[in-house]
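Novice: Dropping the structure in here first, questions after.
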Amino acid sequence: SLVPKQNQTSTVDQVVWVIGRQKVYKLTYKMAFRLACKRFMTQQSHSVAVVNKTAVRSFAAAPAVSETAGSAPTVFDKMISLTIVDPSGARRKINGMIGTTLYEACETNEVELGPMTTGGPSESVHSERWTEPVFGEGPTSGYDHVVLSGPGVNTATPMTRSESRMLEDYWDFDEVFPESRLASMITLTKQMDGMIVYVPPRVDDSNP
């Protein structure tokens, strides 16, 4: 039997409608997929931008951190100023390097202190009640006599018996003071910045 024309048209229309609906579904799926991909790429780009921005900020902030940490030490941080007073009362400022001896600072700045001879330390003074003998020769002459006053004098190493003996052997009783020391026995410290060093008249060192 033949299908009525009306029913055939309805069937064709249904087929067309189904096919069209499938196309719409496919189109909608493709659009949704593209939209999801676009969203994902946008999120990834945003994340990369944030990371890069943070990295740039961190890199730019690095010098500021290093600046706050302080600059590198220079040779001037190891220098101190000393005032030399000669027998006439004239004053002169010289520089000394921390860790070197007062005699070396004077010699570098052409301050005449006479000859100096010394061996290894004869003893190590740890306190007023404990002096450890280390069996070195110690100072063997006392020409480099100076009188210290001002900042940092108390940071000098205590006087040893050999140093005291050299002062007594080379200088008269009225020329030696409680502040008298041998310049070769004084190691400069940071606290000695501004220390005053009096250089008494030299003794004759032509016949040691």
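Ordering of the structure tokens sets the chain letters (A, B, ...), residue numbers begin anew at 1 in every chain, and ligands are numbered from 1 in the order given.
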Contacts of segment 99-115 of chain A at 9 Å or less, counting only C-alpha atoms, minus same-chain residues fewer than 2 places along, as a PDB file with C-alpha atoms, in the first residue's frame?

Specialist:
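The resulting file, around-v1.pdb, is shown below:
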```
ATOM      1  CA  LYS A  78      90.380  48.615  59.089  1.00  0.00           C
ATOM      2  CA  ILE A  84     101.439  61.548  67.736  1.00  0.00           C
ATOM      3  CA  ILE A  94      98.643  59.382  61.424  1.00  0.00           C
ATOM      4  CA  ASN A  95      96.671  56.331  60.322  1.00  0.00           C
ATOM      5  CA  GLY A  96      97.218  52.807  61.567  1.00  0.00           C
ATOM      6  CA  MET A  97      95.938  49.443  60.382  1.00  0.00           C
ATOM      7  CA  THR A 117     114.247  44.074  68.238  1.00  0.00           C
ATOM      8  CA  SER A 141     115.574  46.256  73.395  1.00  0.00           C
ATOM      9  CA  GLY A 142     113.640  49.193  74.831  1.00  0.00           C
ATOM     10  CA  TYR A 143     114.285  52.071  72.413  1.00  0.00           C
ATOM     11  CA  ASP A 144     110.690  52.232  71.148  1.00  0.00           C
ATOM     12  CA  HIS A 145     109.311  53.687  74.384  1.00  0.00           C
ATOM     13  CA  VAL A 146     105.987  55.568  74.089  1.00  0.00           C
ATOM     14  CA  LEU A 182     107.017  49.611  73.970  1.00  0.00           C
ATOM     15  CA  ALA A 183     105.431  50.447  70.614  1.00  0.00           C
ATOM     16  CA  SER A 184     106.404  47.045  69.229  1.00  0.00           C
ATOM     17  CA  MET A 185     104.302  45.366  71.925  1.00  0.00           C
ATOM     18  CA  ILE A 186     101.077  47.276  71.186  1.00  0.00           C
ATOM     19  CA  THR A 187      98.687  45.705  68.673  1.00  0.00           C
ATOM     20  CA  LEU A 188      96.228  48.253  67.305  1.00  0.00           C
ATOM     21  CA  THR A 189      92.519  47.653  67.905  1.00  0.00           C
ATOM     22  CA  LYS A 190      89.356  49.349  66.674  1.00  0.00           C
ATOM     23  CA  VAL A 199     107.004  60.082  71.974  1.00  0.00           C
ATOM     24  CA  ARG A 202     115.061  59.476  72.095  1.00  0.00           C
ATOM     25  CA  VAL A 203     117.926  57.818  73.892  1.00  0.00           C
ATOM     26  CA  ASP A 204     121.243  57.410  72.134  1.00  0.00           C
ATOM     27  CA  ASP A 205     121.067  54.210  70.117  1.00  0.00           C
TER      28      ASP A 205
END
```

Novice: Segment 128-165 of chain A: which residues are alpha helix (DSSP H) by DSSP, as a CSV table (one decimal) with N, CA and C atoms, in the first residue's frame?

Specialist:
```csv
chain,number,residue,atom,x,y,z
A,161,ARG,N,106.7,40.8,81.9
A,161,ARG,CA,107.9,41.1,82.7
A,161,ARG,C,109.1,41.5,81.8
A,162,SER,N,109.2,40.8,80.6
A,162,SER,CA,110.3,41.1,79.8
A,162,SER,C,110.2,42.6,79.2
A,163,GLU,N,109.0,43.0,78.9
A,163,GLU,CA,108.8,44.4,78.4
A,163,GLU,C,109.1,45.4,79.5
A,164,SER,N,108.6,45.1,80.7
A,164,SER,CA,108.9,46.0,81.9
A,164,SER,C,110.4,46.0,82.1
A,165,ARG,N,111.1,44.9,82.0
A,165,ARG,CA,112.5,44.9,82.2
A,165,ARG,C,113.3,45.7,81.2
```

Novice: Could you check how far atom CA of Ser71 of chain A sits from atom CA of Gly194 of chain A, in Å to one decimal?

Specialist: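 Answer for the atom CA of Ser71 of chain A to atom CA of Gly194 of chain A separation: 24.6 Å.
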
Novice: Expressed in Å to a single decimal, how great is the separation between atom CA of Ser180 of chain A and atom CA of Pro200 of chain A?

Specialist: 10.1 Å

Novice: Rank nothing, just name the residue among A:Pro151, A:Met166, A:His126, A:Arg181 nearest to Gly138 of chain A, using only C-alpha atoms.

Specialist: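 Ranking A:Pro151, A:Met166, A:His126, A:Arg181 by distance to Gly138 of chain A, first place goes to A:Met166.
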
Novice: From the list A:Asp169, A:Ala156, A:Ile98, A:Arg92, which residue is nearest Met79 of chain A when using only C-alpha atoms?

Specialist: A:Ile98

Novice: What residues in segment 143-206 of chain A get the DSSP label strand (DSSP E)? Please answer as a VMD selection string.

Specialist: chain A and resid 145 to 149 180 to 182 195 to 198

Novice: Please dump the current selection as a CSV table (one decimal), in the first residue's frame; keep N, CA and C atoms.

Specialist:
```csv
chain,number,residue,atom,x,y,z
A,145,HIS,N,110.1,53.3,73.2
A,145,HIS,CA,109.3,53.7,74.4
A,145,HIS,C,108.3,54.8,74.0
A,146,VAL,N,107.0,54.6,74.3
A,146,VAL,CA,106.0,55.6,74.1
A,146,VAL,C,105.1,55.6,75.3
A,147,VAL,N,104.4,56.7,75.5
A,147,VAL,CA,103.4,56.9,76.5
A,147,VAL,C,102.0,57.0,75.9
A,148,LEU,N,101.1,56.1,76.3
A,148,LEU,CA,99.8,56.1,75.7
A,148,LEU,C,98.7,56.7,76.6
A,149,SER,N,97.7,57.4,76.0
A,149,SER,CA,96.6,57.9,76.7
A,149,SER,C,95.4,58.0,75.7
A,180,SER,N,103.6,53.9,80.3
A,180,SER,CA,104.7,53.7,79.3
A,180,SER,C,104.6,52.3,78.8
A,181,ARG,N,104.8,52.2,77.5
A,181,ARG,CA,104.8,50.9,76.8
A,181,ARG,C,105.9,50.9,75.7
A,182,LEU,N,106.2,49.7,75.2
A,182,LEU,CA,107.0,49.6,74.0
A,182,LEU,C,106.1,49.5,72.8
A,195,MET,N,93.5,57.4,69.8
A,195,MET,CA,94.4,57.3,70.9
A,195,MET,C,95.6,58.3,70.7
A,196,ILE,N,96.1,58.8,71.8
A,196,ILE,CA,97.2,59.8,71.8
A,196,ILE,C,98.5,59.1,72.2
A,197,VAL,N,99.5,59.3,71.4
A,197,VAL,CA,100.8,58.6,71.6
A,197,VAL,C,101.9,59.6,71.8
A,198,TYR,N,102.4,59.7,73.0
A,198,TYR,CA,103.5,60.7,73.3
A,198,TYR,C,104.8,60.0,73.1
```
